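Peer 1: My file is coords_8.cif. It has mmCIF, C-alpha atoms; chains and numbers go by the auth columns:
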```
data_input
#
loop_
_atom_site.group_PDB
_atom_site.id
_atom_site.type_symbol
_atom_site.label_atom_id
_atom_site.label_comp_id
_atom_site.label_asym_id
_atom_site.label_seq_id
_atom_site.Cartn_x
_atom_site.Cartn_y
_atom_site.Cartn_z
_atom_site.B_iso_or_equiv
_atom_site.auth_seq_id
_atom_site.auth_asym_id
ATOM 1 C CA MET A 1 -7.163 -7.908 -1.985 0.00 47 E
ATOM 2 C CA ASP A 2 -8.482 -10.563 0.397 0.00 48 E
ATOM 3 C CA GLN A 3 -4.937 -11.303 1.596 0.00 49 E
ATOM 4 C CA ALA A 4 -4.197 -7.571 1.965 0.00 50 E
ATOM 5 C CA LEU A 5 -7.344 -7.234 4.113 0.00 51 E
ATOM 6 C CA HIS A 6 -6.195 -10.193 6.223 0.00 52 E
ATOM 7 C CA LEU A 7 -2.888 -8.372 6.799 0.00 53 E
ATOM 8 C CA ALA A 8 -4.722 -5.130 7.608 0.00 54 E
ATOM 9 C CA ARG A 9 -6.689 -6.978 10.286 0.00 55 E
ATOM 10 C CA LYS A 10 -3.389 -8.141 11.809 0.00 56 E
ATOM 11 C CA ALA A 11 -2.264 -4.520 11.971 0.00 57 E
ATOM 12 C CA TYR A 12 -5.577 -3.571 13.612 0.00 58 E
ATOM 13 C CA GLN A 13 -5.110 -6.256 16.281 0.00 59 E
ATOM 14 C CA ARG A 14 -1.672 -4.822 17.063 0.00 60 E
ATOM 15 C CA GLY A 15 -2.946 -1.255 17.430 0.00 61 E
ATOM 16 C CA GLU A 16 -1.604 -0.123 14.054 0.00 62 E
ATOM 17 C CA ILE A 17 -3.591 1.739 11.421 0.00 63 E
ATOM 18 C CA PRO A 18 -5.068 -1.218 9.522 0.00 64 E
ATOM 19 C CA VAL A 19 -3.250 -1.221 6.201 0.00 65 E
ATOM 20 C CA GLY A 20 -2.039 -4.387 4.522 0.00 66 E
ATOM 21 C CA ALA A 21 0.021 -4.683 1.354 0.00 67 E
ATOM 22 C CA LEU A 22 1.452 -7.298 -0.961 0.00 68 E
ATOM 23 C CA VAL A 23 3.647 -7.418 -4.002 0.00 69 E
ATOM 24 C CA LEU A 24 2.595 -9.806 -6.748 0.00 70 E
ATOM 25 C CA SER A 25 4.912 -11.220 -9.393 0.00 71 E
ATOM 26 C CA PRO A 26 4.064 -10.821 -13.090 0.00 72 E
ATOM 27 C CA GLU A 27 2.489 -14.305 -12.729 0.00 73 E
ATOM 28 C CA ASN A 28 0.285 -12.982 -9.862 0.00 74 E
ATOM 29 C CA LYS A 29 2.104 -14.972 -7.151 0.00 75 E
ATOM 30 C CA ILE A 30 2.653 -13.329 -3.759 0.00 76 E
ATOM 31 C CA VAL A 31 6.309 -12.305 -3.500 0.00 77 E
ATOM 32 C CA ALA A 32 6.090 -10.337 -0.241 0.00 78 E
ATOM 33 C CA GLN A 33 3.487 -9.169 2.256 0.00 79 E
ATOM 34 C CA ALA A 34 3.389 -6.702 5.132 0.00 80 E
ATOM 35 C CA PHE A 35 1.197 -4.533 7.309 0.00 81 E
ATOM 36 C CA ASN A 36 1.720 -1.178 8.994 0.00 82 E
ATOM 37 C CA GLN A 37 4.295 -1.259 11.796 0.00 83 E
ATOM 38 C CA VAL A 38 4.729 2.446 12.541 0.00 84 E
ATOM 39 C CA GLU A 39 3.841 2.087 16.229 0.00 85 E
ATOM 40 C CA ALA A 40 5.752 -1.150 16.770 0.00 86 E
ATOM 41 C CA HIS A 41 8.953 0.307 15.331 0.00 87 E
ATOM 42 C CA GLN A 42 8.295 3.948 16.294 0.00 88 E
ATOM 43 C CA ASN A 43 9.231 4.723 12.709 0.00 89 E
ATOM 44 C CA PRO A 44 7.122 6.964 10.444 0.00 90 E
ATOM 45 C CA LEU A 45 8.570 5.121 7.431 0.00 91 E
ATOM 46 C CA ALA A 46 7.185 1.718 8.502 0.00 92 E
ATOM 47 C CA HIS A 47 4.121 1.904 6.261 0.00 93 E
ATOM 48 C CA ALA A 48 2.935 -1.419 4.867 0.00 94 E
ATOM 49 C CA GLU A 49 3.928 -0.363 1.345 0.00 95 E
ATOM 50 C CA MET A 50 7.470 0.624 2.313 0.00 96 E
ATOM 51 C CA ILE A 51 8.011 -2.645 4.165 0.00 97 E
ATOM 52 C CA VAL A 52 6.584 -4.824 1.397 0.00 98 E
ATOM 53 C CA LEU A 53 8.557 -3.048 -1.343 0.00 99 E
ATOM 54 C CA LYS A 54 11.776 -3.576 0.596 0.00 100 E
ATOM 55 C CA LYS A 55 10.969 -7.260 1.195 0.00 101 E
ATOM 56 C CA ALA A 56 10.125 -7.804 -2.473 0.00 102 E
ATOM 57 C CA CYS A 57 13.317 -6.123 -3.690 0.00 103 E
ATOM 58 C CA LEU A 58 15.387 -8.279 -1.343 0.00 104 E
ATOM 59 C CA LYS A 59 13.586 -11.435 -2.437 0.00 105 E
ATOM 60 C CA VAL A 60 14.005 -10.833 -6.176 0.00 106 E
ATOM 61 C CA LYS A 61 17.475 -9.312 -5.639 0.00 107 E
ATOM 62 C CA SER A 62 16.687 -6.177 -7.607 0.00 108 E
ATOM 63 C CA LYS A 63 15.906 -2.533 -6.900 0.00 109 E
ATOM 64 C CA ARG A 64 13.410 -2.644 -9.774 0.00 110 E
ATOM 65 C CA LEU A 65 10.102 -4.485 -9.667 0.00 111 E
ATOM 66 C CA MET A 66 9.143 -4.061 -13.312 0.00 112 E
ATOM 67 C CA GLY A 67 6.105 -6.163 -14.154 0.00 113 E
ATOM 68 C CA TYR A 68 5.176 -6.522 -10.464 0.00 114 E
ATOM 69 C CA SER A 69 2.024 -5.237 -8.760 0.00 115 E
ATOM 70 C CA LEU A 70 1.547 -3.518 -5.407 0.00 116 E
ATOM 71 C CA VAL A 71 -1.784 -4.353 -3.768 0.00 117 E
ATOM 72 C CA VAL A 72 -2.727 -2.272 -0.724 0.00 118 E
ATOM 73 C CA THR A 73 -5.908 -1.693 1.279 0.00 119 E
ATOM 74 C CA LEU A 74 -5.558 2.106 1.345 0.00 120 E
ATOM 75 C CA GLU A 75 -4.542 4.612 -1.317 0.00 121 E
ATOM 76 C CA PRO A 76 -0.779 5.041 -0.866 0.00 122 E
ATOM 77 C CA CYS A 77 0.470 8.290 0.652 0.00 123 E
ATOM 78 C CA PRO A 78 2.905 10.455 -1.348 0.00 124 E
ATOM 79 C CA MET A 79 5.934 8.760 0.278 0.00 125 E
ATOM 80 C CA CYS A 80 4.728 5.268 -0.611 0.00 126 E
ATOM 81 C CA ALA A 81 3.596 6.268 -4.099 0.00 127 E
ATOM 82 C CA ALA A 82 7.051 7.760 -4.754 0.00 128 E
ATOM 83 C CA ALA A 83 8.725 4.591 -3.452 0.00 129 E
ATOM 84 C CA ALA A 84 6.584 2.497 -5.813 0.00 130 E
ATOM 85 C CA MET A 85 7.572 4.812 -8.649 0.00 131 E
ATOM 86 C CA HIS A 86 11.275 4.418 -7.876 0.00 132 E
ATOM 87 C CA ALA A 87 10.841 0.629 -7.714 0.00 133 E
ATOM 88 C CA ARG A 88 9.144 0.799 -11.138 0.00 134 E
ATOM 89 C CA ILE A 89 6.069 -1.080 -9.951 0.00 135 E
ATOM 90 C CA ALA A 90 3.932 -1.809 -13.016 0.00 136 E
ATOM 91 C CA ARG A 91 0.551 -1.642 -11.280 0.00 137 E
ATOM 92 C CA ILE A 92 -0.822 -0.228 -8.034 0.00 138 E
ATOM 93 C CA VAL A 93 -4.121 -1.688 -6.874 0.00 139 E
ATOM 94 C CA PHE A 94 -5.713 -0.162 -3.792 0.00 140 E
ATOM 95 C CA GLY A 95 -8.942 -0.460 -1.845 0.00 141 E
ATOM 96 C CA ALA A 96 -10.068 2.613 0.073 0.00 142 E
ATOM 97 C CA TYR A 97 -9.458 6.121 -1.216 0.00 143 E
ATOM 98 C CA ASP A 98 -7.703 8.495 1.208 0.00 144 E
ATOM 99 C CA SER A 99 -8.949 12.050 0.740 0.00 145 E
ATOM 100 C CA LYS A 100 -6.671 13.372 3.513 0.00 146 E
ATOM 101 C CA GLY A 101 -3.396 11.491 3.108 0.00 147 E
ATOM 102 C CA GLY A 102 -3.543 9.876 -0.303 0.00 148 E
ATOM 103 C CA GLY A 103 -0.877 10.568 -2.859 0.00 149 E
ATOM 104 C CA ILE A 104 -2.346 9.082 -6.042 0.00 150 E
ATOM 105 C CA GLU A 105 -5.944 10.218 -6.503 0.00 151 E
ATOM 106 C CA HIS A 106 -5.750 12.877 -3.761 0.00 152 E
ATOM 107 C CA GLY A 107 -3.194 15.294 -2.331 0.00 153 E
ATOM 108 C CA ALA A 108 0.128 15.267 -4.146 0.00 154 E
ATOM 109 C CA ARG A 109 -1.159 13.060 -7.010 0.00 155 E
ATOM 110 C CA ILE A 110 2.364 11.776 -7.599 0.00 156 E
ATOM 111 C CA PHE A 111 1.669 10.204 -10.981 0.00 157 E
ATOM 112 C CA SER A 112 -0.304 13.133 -12.414 0.00 158 E
ATOM 113 C CA HIS A 113 2.676 15.450 -12.771 0.00 159 E
ATOM 114 C CA GLN A 114 4.300 15.877 -16.138 0.00 160 E
ATOM 115 C CA GLN A 115 7.735 15.593 -14.516 0.00 161 E
ATOM 116 C CA THR A 116 6.975 12.175 -13.024 0.00 162 E
ATOM 117 C CA MET A 117 9.512 9.771 -14.464 0.00 163 E
ATOM 118 C CA TYR A 118 7.353 6.655 -14.355 0.00 164 E
ATOM 119 C CA HIS A 119 3.614 6.024 -14.572 0.00 165 E
ATOM 120 C CA PRO A 120 2.245 2.686 -13.324 0.00 166 E
ATOM 121 C CA GLU A 121 -1.248 1.446 -14.033 0.00 167 E
ATOM 122 C CA ILE A 122 -3.544 2.557 -11.183 0.00 168 E
ATOM 123 C CA ILE A 123 -6.637 0.621 -10.108 0.00 169 E
ATOM 124 C CA GLY A 124 -8.465 2.133 -7.146 0.00 170 E
ATOM 125 C CA GLY A 125 -11.580 1.149 -5.229 0.00 171 E
ATOM 126 C CA VAL A 126 -11.029 -2.634 -5.151 0.00 172 E
ATOM 127 C CA ARG A 127 -13.042 -4.018 -2.206 0.00 173 E
ATOM 128 C CA GLU A 128 -13.381 -0.365 -1.216 0.00 174 E
ATOM 129 C CA HIS A 129 -16.265 -0.874 1.207 0.00 175 E
ATOM 130 C CA ALA A 130 -14.498 -3.624 3.200 0.00 176 E
ATOM 131 C CA CYS A 131 -11.275 -1.596 3.355 0.00 177 E
ATOM 132 C CA GLN A 132 -13.102 1.576 4.430 0.00 178 E
ATOM 133 C CA LYS A 133 -15.108 -0.267 7.073 0.00 179 E
ATOM 134 C CA LEU A 134 -11.967 -1.636 8.723 0.00 180 E
ATOM 135 C CA LEU A 135 -10.365 1.816 8.805 0.00 181 E
ATOM 136 C CA ARG A 136 -13.538 3.496 10.125 0.00 182 E
ATOM 137 C CA ASN A 137 -13.879 0.923 12.916 0.00 183 E
ATOM 138 C CA PHE A 138 -10.251 1.431 13.912 0.00 184 E
ATOM 139 C CA PHE A 139 -10.554 5.203 14.167 0.00 185 E
ATOM 140 C CA MET A 140 -13.976 5.061 15.874 0.00 186 E
ATOM 141 C CA ASN A 141 -12.447 2.833 18.570 0.00 187 E
ATOM 142 C CA LEU A 142 -9.649 5.350 19.120 0.00 188 E
ATOM 143 C CA ARG A 143 -12.129 8.075 19.991 0.00 189 E
#
```
In structure tokens, write the structure found in this file.
Peer 2:
Amino acid sequence: MDQALHLARKAYQRGEIPVGALVLSPENKIVAQAFNQVEAHQNPLAHAEMIVLKKACLKVKSKRLMGYSLVVTLEPCPMCAAAAMHARIARIVFGAYDSKGGGIEHGARIFSHQQTMYHPEIIGGVREHACQKLLRNFFMNLR
């Protein structure tokens, strides 16, 4: 999570919502890393999770990331949670909970539905305070 926070700080410095993400191999080695780039690319799909999943798939030359972990500083939104599901990510580890836009523990709760085709391990609240603080500071500075 320390590396994901480092990436989130990079996003913050660039005026992006501070979210950082990485994909770890089954051996816990970093395969890919990214941060939000929605503003830079003027693309609502350029969430850190979407970018890092794409990079990881390209690197391992597979559309499936079975056995891999997604580590992200903020609870993934429904779009990103669904992308992780389609990639067959084994584990999603996130920092801050997102009561407004989250898609795992809040909102759509993508993996709670009986029809969901794949259920990764979910670990929320890792370094939650540090992740929340960065997000709060970002949004306070916008106002």
Peer 1: As a check of understanding, name the residues that the PyMOL selection byres ((chain E and resi 57-70) around 6) selects in the supplied structure, as a list in words.
Peer 2: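 Checked against the file, the PyMOL selection byres ((chain E and resi 57-70) around 6) matches Ala50, Leu53, Ala54, Arg55, Lys56, Ser71, Asn74, Lys75, Ile76, Val77, Ala78, Gln79, Ala80, Phe81, Asn82, Ala94, Glu95, Tyr114, Ser115, Leu116, Val117, Val118 and Thr119 of chain E.
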Peer 1: Evaluate the PyMOL selection byres ((chain E and resi 96) around 10) and record the selected residues as a list in words, following the chain and residue labels used in the document.
Peer 2: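 The output of the PyMOL selection byres ((chain E and resi 96) around 10) on this file is Ala67, Ala80, Phe81, Asn82, Leu91, Ala92, His93, Ala94, Glu95, Ile97, Val98, Leu99, Lys100, Lys101, Pro122, Met125, Cys126, Ala127, Ala129 and Ala130 of chain E.
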Peer 1: If you measure from CA of Lys109 (chain E) to CA of Arg134 (chain E), what distance in Å do you get, rounded to one decimal?
Peer 2: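 CA of Arg134 (chain E) lies at a distance of 8.6 Å from CA of Lys109 (chain E).
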Peer 1: Select, from E:Leu51, E:Glu174, E:Ala136, E:Leu120, the residue with the minimum atom-to-atom distance to Gly148 (chain E), counting only C-alpha atoms.
Peer 2: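 Among the listed residues, the smallest separation from Gly148 (chain E) belongs to E:Leu120.
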Peer 1: So the first atom is CA of Val106 (chain E) and the second is CA of Ala133 (chain E); what is the distance between them in Å, to one decimal place?
Peer 2: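 Value for the CA of Val106 (chain E)-CA of Ala133 (chain E) distance: 12.0 Å.
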Peer 1: I'd like to know which of E:Gly113, E:Gly171, E:Pro90, E:Pro124 is closest to Arg155 (chain E), using all atoms listed in the file.
Peer 2: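 Nearest to Arg155 (chain E): E:Pro124.
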Peer 1: Residues within 9 Å of region 164-168 of chain E, please, as a PDB file with C-alpha atoms, in the coordinates of the input. Count only C-alpha atoms; anything in the same chain fewer than 5 positions from it doesn't count.
Peer 2:
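The resulting file, out_31.pdb, is shown below:
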```
ATOM      1  CA  ALA E 130       6.584   2.497  -5.813  1.00  0.00           C
ATOM      2  CA  MET E 131       7.572   4.812  -8.649  1.00  0.00           C
ATOM      3  CA  HIS E 132      11.275   4.418  -7.876  1.00  0.00           C
ATOM      4  CA  ARG E 134       9.144   0.799 -11.138  1.00  0.00           C
ATOM      5  CA  ILE E 135       6.069  -1.080  -9.951  1.00  0.00           C
ATOM      6  CA  ALA E 136       3.932  -1.809 -13.016  1.00  0.00           C
ATOM      7  CA  ARG E 137       0.551  -1.642 -11.280  1.00  0.00           C
ATOM      8  CA  ILE E 138      -0.822  -0.228  -8.034  1.00  0.00           C
ATOM      9  CA  VAL E 139      -4.121  -1.688  -6.874  1.00  0.00           C
ATOM     10  CA  PHE E 140      -5.713  -0.162  -3.792  1.00  0.00           C
ATOM     11  CA  ILE E 150      -2.346   9.082  -6.042  1.00  0.00           C
ATOM     12  CA  PHE E 157       1.669  10.204 -10.981  1.00  0.00           C
ATOM     13  CA  SER E 158      -0.304  13.133 -12.414  1.00  0.00           C
TER      14      SER E 158
END
```
Peer 1: What does the distance between CA of Gly170 (chain E) and CA of Ala128 (chain E) come to in Å, to one decimal place?
Peer 2: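 The value is 16.7 Å.
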